[in-house]
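Chemist: Just dropping this structure here.
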Amino acid sequence: MNLFNGGGLDGDGFGVDDHATICALSTPPGVGGIAVLRVSGPDAFQFTRKVCRFLPVQPESHRIYFGTARCLDDGDSVDEVLVSCFAEGRSFTGEETAEISCHGNPVLVATLLKLLVEAGCRPARPGEFTFRSFMNGRMDLVQAEGVLSLIESQSRPAARLALRQLKGRLSEELSRVEDGLIWILAQLEASIDFSTEGIEVIPSQTLLARAREVQEACERLLESYSQGRLLAEGVQVALVGRPNVGKSSLLNAIVQEDRAIVTAVPGTTRDLVEGRFAVNGVPVTIIDTAGLRETTDEVERIGISRTRQALDKSDLVFHVIEVGRPLQEDEREDLRDFRSNADLSERARHVFLVNKVDSPDQQEQVAMRLAELNDIGISKQNSKVFEVSARTRNGLSELENFLKGYVRSDASESSSVLTQARHFEGVQKIHSCLMRALALITSDTSAEFIAFELQDAIRAIHELLGKELNEQVIDRIFKEFCLGK
Ligand SMILES: Nc1nc2c(ncn2[C@@H]2O[C@H](COP(=O)(O)OP(=O)(O)OP(=O)(O)O)[C@@H](O)[C@H]2O)c(=O)[nH]1
Ligand SMILES: [Mg+2]
């Protein structure tokens, strides 16, 4: 169904032609100092005034009014409230909006909401205020997603990125890419018009240079994604290795808390144990696993299958080996697998920890383990290998420095960073269209074919920004929102 002429989405979706005045609690449910109810729509002031009779007929925008909220029929007092008024065109949603701050009591909130519905409001759906803001042109789709990211961000660096997205930094960057594409397209169209007269409107070198600039801008955005995603979502690290190598001890040493049970009995950890800490303000979850080994024990088998799932989801994998014990054949095989199956980016995920290096007189043992690792293609030159001790904390600060480098939270203020998969996929699409266009320009293919690719790229930008409405995309995005936002 087309959003513009179908009268809106079915079921739980939003309606574009639905201009009802909506209301919802915008603060978290439960007891608190205050609660804020939001009312938005063409009749926001009129409906609010039925409950808050002290409001003037035409309240001033950006002014707060104080009085008693009362029942519609008998005028019974409900609560003392503050009402903030925002005129149409000057509010978050772009519509006339009233925000009622009452005492944070669920009974009062429920009563006020019921009264607002009696007055003519419809209860809002989750995300509907932001949806209206988007539909009224107050923000584009990327900015609306920024609102959600800001609400959900778990760390300062993530919140900083989300705020930049909300303020339109990423949208501006995408618009610049679009401007570049439109400029090239205009030159191509002119050359199509003049082609019969044999006039070259613009040298292909100039076109090529401009297309490359746009392509490079896309590449910068794509490169920012791995870092952006880490900052937005945090980092997950899995600890793996044979039984008894000291995985649980390392987890406890790293998070400086007794999270996992440590014993001298191999196979102590049977299920996943998580510890959390922060690096440069970014949350890191470290998962102690049951280790990978052949087993006939049912409980252990389930634990190992969970380990594999945790491994797939992790950004980093810490392989732990023990300094005092030669690498076993199955251990070598596992480590070899990681070396041979992995491409470069996959390899970068794997870190090797030689544990139980408690004192300097173990250098001979360390050298033997490093030589064994070297035999299977893992060396300090081509991989991250650390000598550590969970007992003495030896080498843990080097490991921490490595993590700090991995989670650089200093993403430059001036450049845009991609944090969401939808944006990454969109920019990838634009980039592939550009690559094809560049190849066509280089091979002097006729302008129509090049234009076709560029139009595709522009469509992808429009879809990202929500200039071209895709019902499923919109539905998916706004469904993530909480009630009252
Ligand atoms: N000397 C020394 N012993 C350690 C160190 N780290 C762990 N251990 C000992 O090694 C044994 C096993 O430690 P765990 O942390 O339970 O090992 P694990 O890899 O989690 O073992 P499973 O859960 O059985 O797979 C315990 O007796 C620990 O005290 C270390 O850095 N130095
Ligand atoms: Mg353990």
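Residue numbers start at 1 in each chain; chains themselves are named A, B, ... in the order of the structure tokens; ligands are numbered from 1 in the order shown.
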Taking the chain letters and numbering used in this document, name the residues of range 316-484 of chain A that DSSP puts in strand (DSSP E), as a list in words.
Modeler: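 Residues meeting the strand (DSSP E) criterion: Leu316, Val317, Phe318, His319, Val320, Ile321, Glu322, His350, Val351, Phe352, Leu353, Val354, Asn355, Lys384, Val385, Phe386 and Glu387 of chain A.
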Chemist: Which residues form the shell of 7 Å around ligand 2 when you count only C-alpha atoms and all ligand atoms, given as a ChimeraX atom specification?
Modeler: /A:244,246-248,260-262,267-269,288-290
Chemist: Using C-alpha atoms, can you write the selected residues to a file as a PDB file, in the first residue's frame?
Modeler:
```pdb
ATOM      1  CA  ASN A 244      41.956 -25.441  33.251  1.00  0.00           C
ATOM      2  CA  GLY A 246      42.698 -20.141  33.459  1.00  0.00           C
ATOM      3  CA  LYS A 247      39.853 -18.591  31.457  1.00  0.00           C
ATOM      4  CA  SER A 248      37.640 -17.973  34.487  1.00  0.00           C
ATOM      5  CA  ALA A 260      33.281 -17.025  37.693  1.00  0.00           C
ATOM      6  CA  ILE A 261      34.064 -20.048  39.826  1.00  0.00           C
ATOM      7  CA  VAL A 262      37.739 -21.028  39.708  1.00  0.00           C
ATOM      8  CA  GLY A 267      35.713 -28.526  33.240  1.00  0.00           C
ATOM      9  CA  THR A 268      34.638 -26.231  36.076  1.00  0.00           C
ATOM     10  CA  THR A 269      32.835 -23.739  33.846  1.00  0.00           C
ATOM     11  CA  ASP A 288      33.909 -16.891  29.989  1.00  0.00           C
ATOM     12  CA  THR A 289      33.036 -20.024  28.108  1.00  0.00           C
ATOM     13  CA  ALA A 290      32.935 -23.742  28.708  1.00  0.00           C
TER      14      ALA A 290
END
```
Chemist: Find the residues around Arg38 in chain A up to 9 Å (only C-alpha atoms counted), leave out those fewer than 4 positions away in its own chain, and share them as number ranges by chain.
Modeler: A: 22-26, 97-101, 129, 484
Chemist: Could the residues that lie within 10 Å of ligand 1, counting only C-alpha atoms and all ligand atoms, be listed as a compact mmCIF listing (two decimals) with C-alpha atoms, in the first residue's frame?
Modeler:
```txt
# COMPACT_ATOMS: atom_id res chain seq x y z
CA LEU A 239 37.41 -16.24 26.30
CA VAL A 240 38.08 -19.70 24.87
CA GLY A 241 40.61 -22.45 25.41
CA ARG A 242 41.15 -25.92 26.88
CA PRO A 243 39.88 -26.79 30.37
CA ASN A 244 41.96 -25.44 33.25
CA VAL A 245 44.05 -22.93 31.26
CA GLY A 246 42.70 -20.14 33.46
CA LYS A 247 39.85 -18.59 31.46
CA SER A 248 37.64 -17.97 34.49
CA SER A 249 40.60 -16.64 36.47
CA LEU A 250 41.33 -14.20 33.63
CA LEU A 251 37.73 -13.06 33.52
CA ASN A 252 37.83 -12.35 37.25
CA ALA A 253 41.19 -10.59 36.95
CA ALA A 260 33.28 -17.03 37.69
CA ILE A 261 34.06 -20.05 39.83
CA VAL A 262 37.74 -21.03 39.71
CA THR A 263 38.95 -24.51 40.71
CA ALA A 264 41.84 -26.77 39.84
CA VAL A 265 39.33 -29.27 38.43
CA PRO A 266 39.21 -29.18 34.60
CA GLY A 267 35.71 -28.53 33.24
CA THR A 268 34.64 -26.23 36.08
CA THR A 269 32.83 -23.74 33.85
CA ARG A 270 29.92 -25.36 32.10
CA ASP A 271 27.78 -22.41 31.10
CA LEU A 272 28.56 -18.90 29.92
CA ASP A 288 33.91 -16.89 29.99
CA THR A 289 33.04 -20.02 28.11
CA ALA A 290 32.94 -23.74 28.71
CA GLY A 291 35.80 -24.15 26.26
CA LEU A 292 35.67 -26.24 23.12
CA ARG A 293 36.21 -29.93 23.63
CA VAL A 320 43.94 -18.81 26.21
CA ILE A 321 46.79 -21.30 26.45
CA GLU A 322 48.81 -22.31 29.48
CA VAL A 323 52.53 -21.51 29.67
CA GLY A 324 53.49 -24.68 31.54
CA VAL A 354 49.71 -17.27 27.13
CA ASN A 355 48.46 -17.48 30.72
CA LYS A 356 50.07 -18.35 34.07
CA VAL A 357 53.28 -16.42 33.32
CA ASP A 358 53.63 -15.54 37.01
CA SER A 359 57.33 -14.79 37.19
CA GLU A 387 51.94 -13.13 28.01
CA VAL A 388 49.71 -12.75 31.05
CA SER A 389 49.06 -14.02 34.53
CA ALA A 390 45.62 -14.01 36.06
CA ARG A 391 47.29 -14.61 39.41
CA THR A 392 49.82 -11.73 39.44
CA ARG A 393 48.02 -9.51 36.84
CA ASN A 394 51.24 -9.56 34.87
```
Chemist: Counting only C-alpha atoms, what is within 12 Å of Glu189 in chain A, bar same-chain residues fewer than 2 positions away, as a PDB file with N, CA and C atoms, in the first residue's frame?
Modeler:
```pdb
ATOM      1  N   ILE A 182      23.825  14.612  -8.219  1.00  0.00           N
ATOM      2  CA  ILE A 182      22.913  15.408  -9.051  1.00  0.00           C
ATOM      3  C   ILE A 182      23.719  16.262 -10.041  1.00  0.00           C
ATOM      4  N   TRP A 183      24.839  16.787  -9.563  1.00  0.00           N
ATOM      5  CA  TRP A 183      25.680  17.609 -10.445  1.00  0.00           C
ATOM      6  C   TRP A 183      26.168  16.777 -11.644  1.00  0.00           C
ATOM      7  N   ILE A 184      26.655  15.561 -11.349  1.00  0.00           N
ATOM      8  CA  ILE A 184      27.159  14.700 -12.437  1.00  0.00           C
ATOM      9  C   ILE A 184      26.013  14.344 -13.383  1.00  0.00           C
ATOM     10  N   LEU A 185      24.862  14.033 -12.783  1.00  0.00           N
ATOM     11  CA  LEU A 185      23.696  13.662 -13.578  1.00  0.00           C
ATOM     12  C   LEU A 185      23.288  14.799 -14.509  1.00  0.00           C
ATOM     13  N   ALA A 186      23.325  16.033 -13.982  1.00  0.00           N
ATOM     14  CA  ALA A 186      22.939  17.191 -14.803  1.00  0.00           C
ATOM     15  C   ALA A 186      23.880  17.322 -16.000  1.00  0.00           C
ATOM     16  N   GLN A 187      25.194  17.129 -15.778  1.00  0.00           N
ATOM     17  CA  GLN A 187      26.152  17.219 -16.884  1.00  0.00           C
ATOM     18  C   GLN A 187      25.868  16.135 -17.921  1.00  0.00           C
ATOM     19  N   SER A 191      24.726  16.403 -21.825  1.00  0.00           N
ATOM     20  CA  SER A 191      25.486  15.807 -22.927  1.00  0.00           C
ATOM     21  C   SER A 191      24.599  14.868 -23.745  1.00  0.00           C
ATOM     22  N   ILE A 192      23.565  14.290 -23.091  1.00  0.00           N
ATOM     23  CA  ILE A 192      22.628  13.462 -23.871  1.00  0.00           C
ATOM     24  C   ILE A 192      21.885  14.371 -24.857  1.00  0.00           C
ATOM     25  N   ASP A 193      21.434  15.552 -24.359  1.00  0.00           N
ATOM     26  CA  ASP A 193      20.695  16.494 -25.210  1.00  0.00           C
ATOM     27  C   ASP A 193      21.515  16.969 -26.399  1.00  0.00           C
ATOM     28  N   PHE A 194      22.807  17.196 -26.156  1.00  0.00           N
ATOM     29  CA  PHE A 194      23.642  17.762 -27.224  1.00  0.00           C
ATOM     30  C   PHE A 194      24.379  16.706 -28.042  1.00  0.00           C
ATOM     31  N   SER A 195      24.152  15.424 -27.696  1.00  0.00           N
ATOM     32  CA  SER A 195      24.999  14.386 -28.303  1.00  0.00           C
ATOM     33  C   SER A 195      24.862  14.347 -29.823  1.00  0.00           C
ATOM     34  N   GLU A 200      30.745  18.143 -26.911  1.00  0.00           N
ATOM     35  CA  GLU A 200      31.070  17.545 -25.615  1.00  0.00           C
ATOM     36  C   GLU A 200      30.845  18.607 -24.550  1.00  0.00           C
ATOM     37  N   VAL A 201      29.847  18.377 -23.705  1.00  0.00           N
ATOM     38  CA  VAL A 201      29.478  19.389 -22.715  1.00  0.00           C
ATOM     39  C   VAL A 201      30.536  19.488 -21.624  1.00  0.00           C
ATOM     40  N   ILE A 202      31.004  18.331 -21.197  1.00  0.00           N
ATOM     41  CA  ILE A 202      31.987  18.337 -20.108  1.00  0.00           C
ATOM     42  C   ILE A 202      32.996  17.212 -20.349  1.00  0.00           C
ATOM     43  N   SER A 446      27.822   5.071 -23.256  1.00  0.00           N
ATOM     44  CA  SER A 446      26.943   6.220 -23.498  1.00  0.00           C
ATOM     45  C   SER A 446      26.309   6.711 -22.190  1.00  0.00           C
ATOM     46  N   ALA A 447      26.052   8.015 -22.185  1.00  0.00           N
ATOM     47  CA  ALA A 447      25.637   8.712 -20.967  1.00  0.00           C
ATOM     48  C   ALA A 447      24.385   8.124 -20.324  1.00  0.00           C
ATOM     49  N   GLU A 448      23.479   7.574 -21.155  1.00  0.00           N
ATOM     50  CA  GLU A 448      22.221   7.049 -20.588  1.00  0.00           C
ATOM     51  C   GLU A 448      22.484   5.969 -19.542  1.00  0.00           C
ATOM     52  N   PHE A 449      23.453   5.096 -19.819  1.00  0.00           N
ATOM     53  CA  PHE A 449      23.733   3.986 -18.903  1.00  0.00           C
ATOM     54  C   PHE A 449      24.335   4.486 -17.590  1.00  0.00           C
ATOM     55  N   ILE A 450      25.191   5.503 -17.748  1.00  0.00           N
ATOM     56  CA  ILE A 450      25.812   6.059 -16.529  1.00  0.00           C
ATOM     57  C   ILE A 450      24.726   6.726 -15.677  1.00  0.00           C
ATOM     58  N   ALA A 451      23.866   7.466 -16.360  1.00  0.00           N
ATOM     59  CA  ALA A 451      22.790   8.177 -15.657  1.00  0.00           C
ATOM     60  C   ALA A 451      21.908   7.195 -14.892  1.00  0.00           C
ATOM     61  N   PHE A 452      21.673   6.060 -15.494  1.00  0.00           N
ATOM     62  CA  PHE A 452      20.833   5.032 -14.868  1.00  0.00           C
ATOM     63  C   PHE A 452      21.403   4.618 -13.499  1.00  0.00           C
ATOM     64  N   LEU A 454      23.484   6.360 -11.635  1.00  0.00           N
ATOM     65  CA  LEU A 454      23.460   7.481 -10.687  1.00  0.00           C
ATOM     66  C   LEU A 454      22.063   7.692 -10.111  1.00  0.00           C
ATOM     67  N   GLN A 455      21.052   7.473 -10.978  1.00  0.00           N
ATOM     68  CA  GLN A 455      19.675   7.621 -10.469  1.00  0.00           C
ATOM     69  C   GLN A 455      19.388   6.583  -9.389  1.00  0.00           C
TER      70      GLN A 455
END
```
Chemist: Could you tell me how far CA of Ala211 in chain A sits from CA of Leu141 in chain A, in Å to one decimal place?
Modeler: 25.7 Å
